[in-house]
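Down below is the structure, laid out as structure tokens.
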Amino acid sequence: MKTSYDVIVRPIITEQSMEAIDLKKYVFEVAKDATKADVKRAVEEIFSVKVDSVNTLNVRGKAKRTGRYPLGYTKSWKKAVVRLAADSKPIEFFEGMV
């Protein structure tokens with residue numbers, strides 16, 4: 001069985017994800033085999049918040065040249081957008097970045 005720290009790989013810190021914090025939406029990279037229920041349980045356990053909904057999507061690796069002829073790809077990964085309940089406190093980790 002995976003722990004919560006195995007499900008949540010890292011937070012995604014971009015301009016677009018930082019603007020969504022006002023709507024209580026937070027973006028994370030998660031394990032590729034993680035389900036929405038796994039992500040919800042992990043976020044609630046790690047950050048002690050109440051999760052309202054989870055949306056996930058698979059992000060394809062981009063094609064990259066690695067030299068003259070060989071074509072390589074960056075790794076593909078899974079992204080989760082977590083929306084907290086209205087009565088939930090915000091995640092403190094993101095507060096200093098806004």
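In the structure tokens, the first chain shown is A, the next is B, and so on; residue numbers restart at 1 for each chain, and ligands run from 1 in the order shown.
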Find the nearest atom pair between each residue of region 50-93 of chain A and region 20-23 of chain A for residues within 9 Å, count only C-alpha atoms, give distances in Å to one decimal, sort rows by chain and ascending number, and present the table as a tab-separated table.
```
residue	atom	partner	partner_atom	distance
A:Arg83	CA	A:Leu23	CA	7.8
A:Leu84	CA	A:Leu23	CA	8.7
A:Pro90	CA	A:Ile21	CA	8.6
```
Exercise: Thr35 (chain A) partners within 10 Å, only C-alpha atoms, chain neighbours under 4 positions left out, as a ChimeraX atom specification: /A:7,30-31,39-41,54-56,80
Go ahead and write the selection's residues with C-alpha atoms as a PDB file, in the first residue's frame.
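File written: selection-v8.pdb
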```pdb
ATOM      1  CA  VAL A   7       0.904   9.637  -4.006  1.00  0.00           C
ATOM      2  CA  VAL A  30       0.838  12.827  -8.467  1.00  0.00           C
ATOM      3  CA  ALA A  31       1.828   9.210  -9.033  1.00  0.00           C
ATOM      4  CA  VAL A  39      -5.247  11.971  -4.146  1.00  0.00           C
ATOM      5  CA  LYS A  40      -8.105  13.216  -1.971  1.00  0.00           C
ATOM      6  CA  ARG A  41      -7.050  11.025   0.950  1.00  0.00           C
ATOM      7  CA  VAL A  54     -10.257  16.340  -7.483  1.00  0.00           C
ATOM      8  CA  ASN A  55      -9.653  16.566 -11.244  1.00  0.00           C
ATOM      9  CA  THR A  56      -6.806  14.580 -12.782  1.00  0.00           C
ATOM     10  CA  ALA A  80      -4.195  16.706 -10.097  1.00  0.00           C
TER      11      ALA A  80
END
```
Exercise: Ser48 (chain A) partners within 12 Å, only C-alpha atoms, chain neighbours under 2 positions left out, as JSON, numbers by chain: {"A": [40, 41, 42, 43, 44, 45, 46, 50, 51, 84, 88, 89, 90, 91, 92, 93]}
Selected residue, from A:Glu95, A:Leu57, A:Gly67, A:Val49, that lies nearest to Asp33 (chain A) when counting only C-alpha atoms: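 The closest residue to Asp33 (chain A) is A:Leu57.
Counting from CA of Lys62 (chain A), the distance to CA of Ser76 (chain A) is 8.0 Å.
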All strand (DSSP E or B) residues (DSSP, backbone) inside chain A, as a PyMOL selection string: chain A and resi 8-11+25-30+51-59+63-65+71-73+77-84
Which of region 1-83 of chain A DSSP labels helix (DSSP H, G or I), written as a PDB file with C-alpha atoms, in the first residue's frame:
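Output saved as selection.pdb:
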```pdb
ATOM      1  CA  SER A   4       0.278   9.664   1.167  1.00  0.00           C
ATOM      2  CA  TYR A   5       3.778  10.921   0.452  1.00  0.00           C
ATOM      3  CA  ASP A   6       4.119   8.380  -2.379  1.00  0.00           C
ATOM      4  CA  VAL A   7       0.904   9.637  -4.006  1.00  0.00           C
ATOM      5  CA  GLU A  15       1.548  31.575 -12.740  1.00  0.00           C
ATOM      6  CA  GLN A  16      -1.649  29.826 -13.728  1.00  0.00           C
ATOM      7  CA  SER A  17      -1.686  27.564 -10.672  1.00  0.00           C
ATOM      8  CA  MET A  18      -0.945  30.494  -8.345  1.00  0.00           C
ATOM      9  CA  GLU A  19      -3.926  32.460  -9.723  1.00  0.00           C
ATOM     10  CA  ALA A  20      -6.207  29.499  -8.945  1.00  0.00           C
ATOM     11  CA  ILE A  21      -5.326  29.657  -5.235  1.00  0.00           C
ATOM     12  CA  ASP A  22      -7.898  32.452  -4.813  1.00  0.00           C
ATOM     13  CA  LEU A  23     -10.541  29.885  -5.831  1.00  0.00           C
ATOM     14  CA  LYS A  36      -8.888  10.572  -7.458  1.00  0.00           C
ATOM     15  CA  ALA A  37      -9.764   8.906  -4.146  1.00  0.00           C
ATOM     16  CA  ASP A  38      -6.047   8.322  -3.423  1.00  0.00           C
ATOM     17  CA  VAL A  39      -5.247  11.971  -4.146  1.00  0.00           C
ATOM     18  CA  LYS A  40      -8.105  13.216  -1.971  1.00  0.00           C
ATOM     19  CA  ARG A  41      -7.050  11.025   0.950  1.00  0.00           C
ATOM     20  CA  ALA A  42      -3.397  12.031   0.606  1.00  0.00           C
ATOM     21  CA  VAL A  43      -4.065  15.794   0.483  1.00  0.00           C
ATOM     22  CA  GLU A  44      -6.437  15.610   3.442  1.00  0.00           C
ATOM     23  CA  GLU A  45      -3.914  13.602   5.453  1.00  0.00           C
ATOM     24  CA  ILE A  46      -0.792  15.638   4.629  1.00  0.00           C
ATOM     25  CA  PHE A  47      -2.223  19.168   4.845  1.00  0.00           C
TER      26      PHE A  47
END
```
Residue with smallest distance to Asp52 (chain A) - pool A:Lys75, A:Arg10, A:Arg65, A:Lys25, counting only C-alpha atoms: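 When distances to Asp52 (chain A) are compared using only C-alpha atoms, the smallest one comes from A:Lys25.
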Applying 7 Å and only C-alpha atoms, which residues near Val59 (chain A) remain after dropping the ones on its own chain fewer than 5 positions away? List them as a PDB file with N, CA and C atoms, in the first residue's frame.
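Writing done, so here's out36.pdb:
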```pdb
ATOM      1  N   SER A  76       6.374  11.575 -19.174  1.00  0.00           N
ATOM      2  CA  SER A  76       4.959  11.899 -19.018  1.00  0.00           C
ATOM      3  C   SER A  76       4.617  11.764 -17.539  1.00  0.00           C
ATOM      4  N   TRP A  77       3.603  12.518 -17.115  1.00  0.00           N
ATOM      5  CA  TRP A  77       3.267  12.527 -15.698  1.00  0.00           C
ATOM      6  C   TRP A  77       1.791  12.817 -15.517  1.00  0.00           C
ATOM      7  N   LYS A  78       1.319  12.733 -14.290  1.00  0.00           N
ATOM      8  CA  LYS A  78      -0.090  12.939 -13.995  1.00  0.00           C
ATOM      9  C   LYS A  78      -0.245  14.161 -13.104  1.00  0.00           C
ATOM     10  N   LYS A  79      -1.218  14.995 -13.447  1.00  0.00           N
ATOM     11  CA  LYS A  79      -1.468  16.231 -12.711  1.00  0.00           C
ATOM     12  C   LYS A  79      -2.828  16.135 -12.038  1.00  0.00           C
TER      13      LYS A  79
END
```
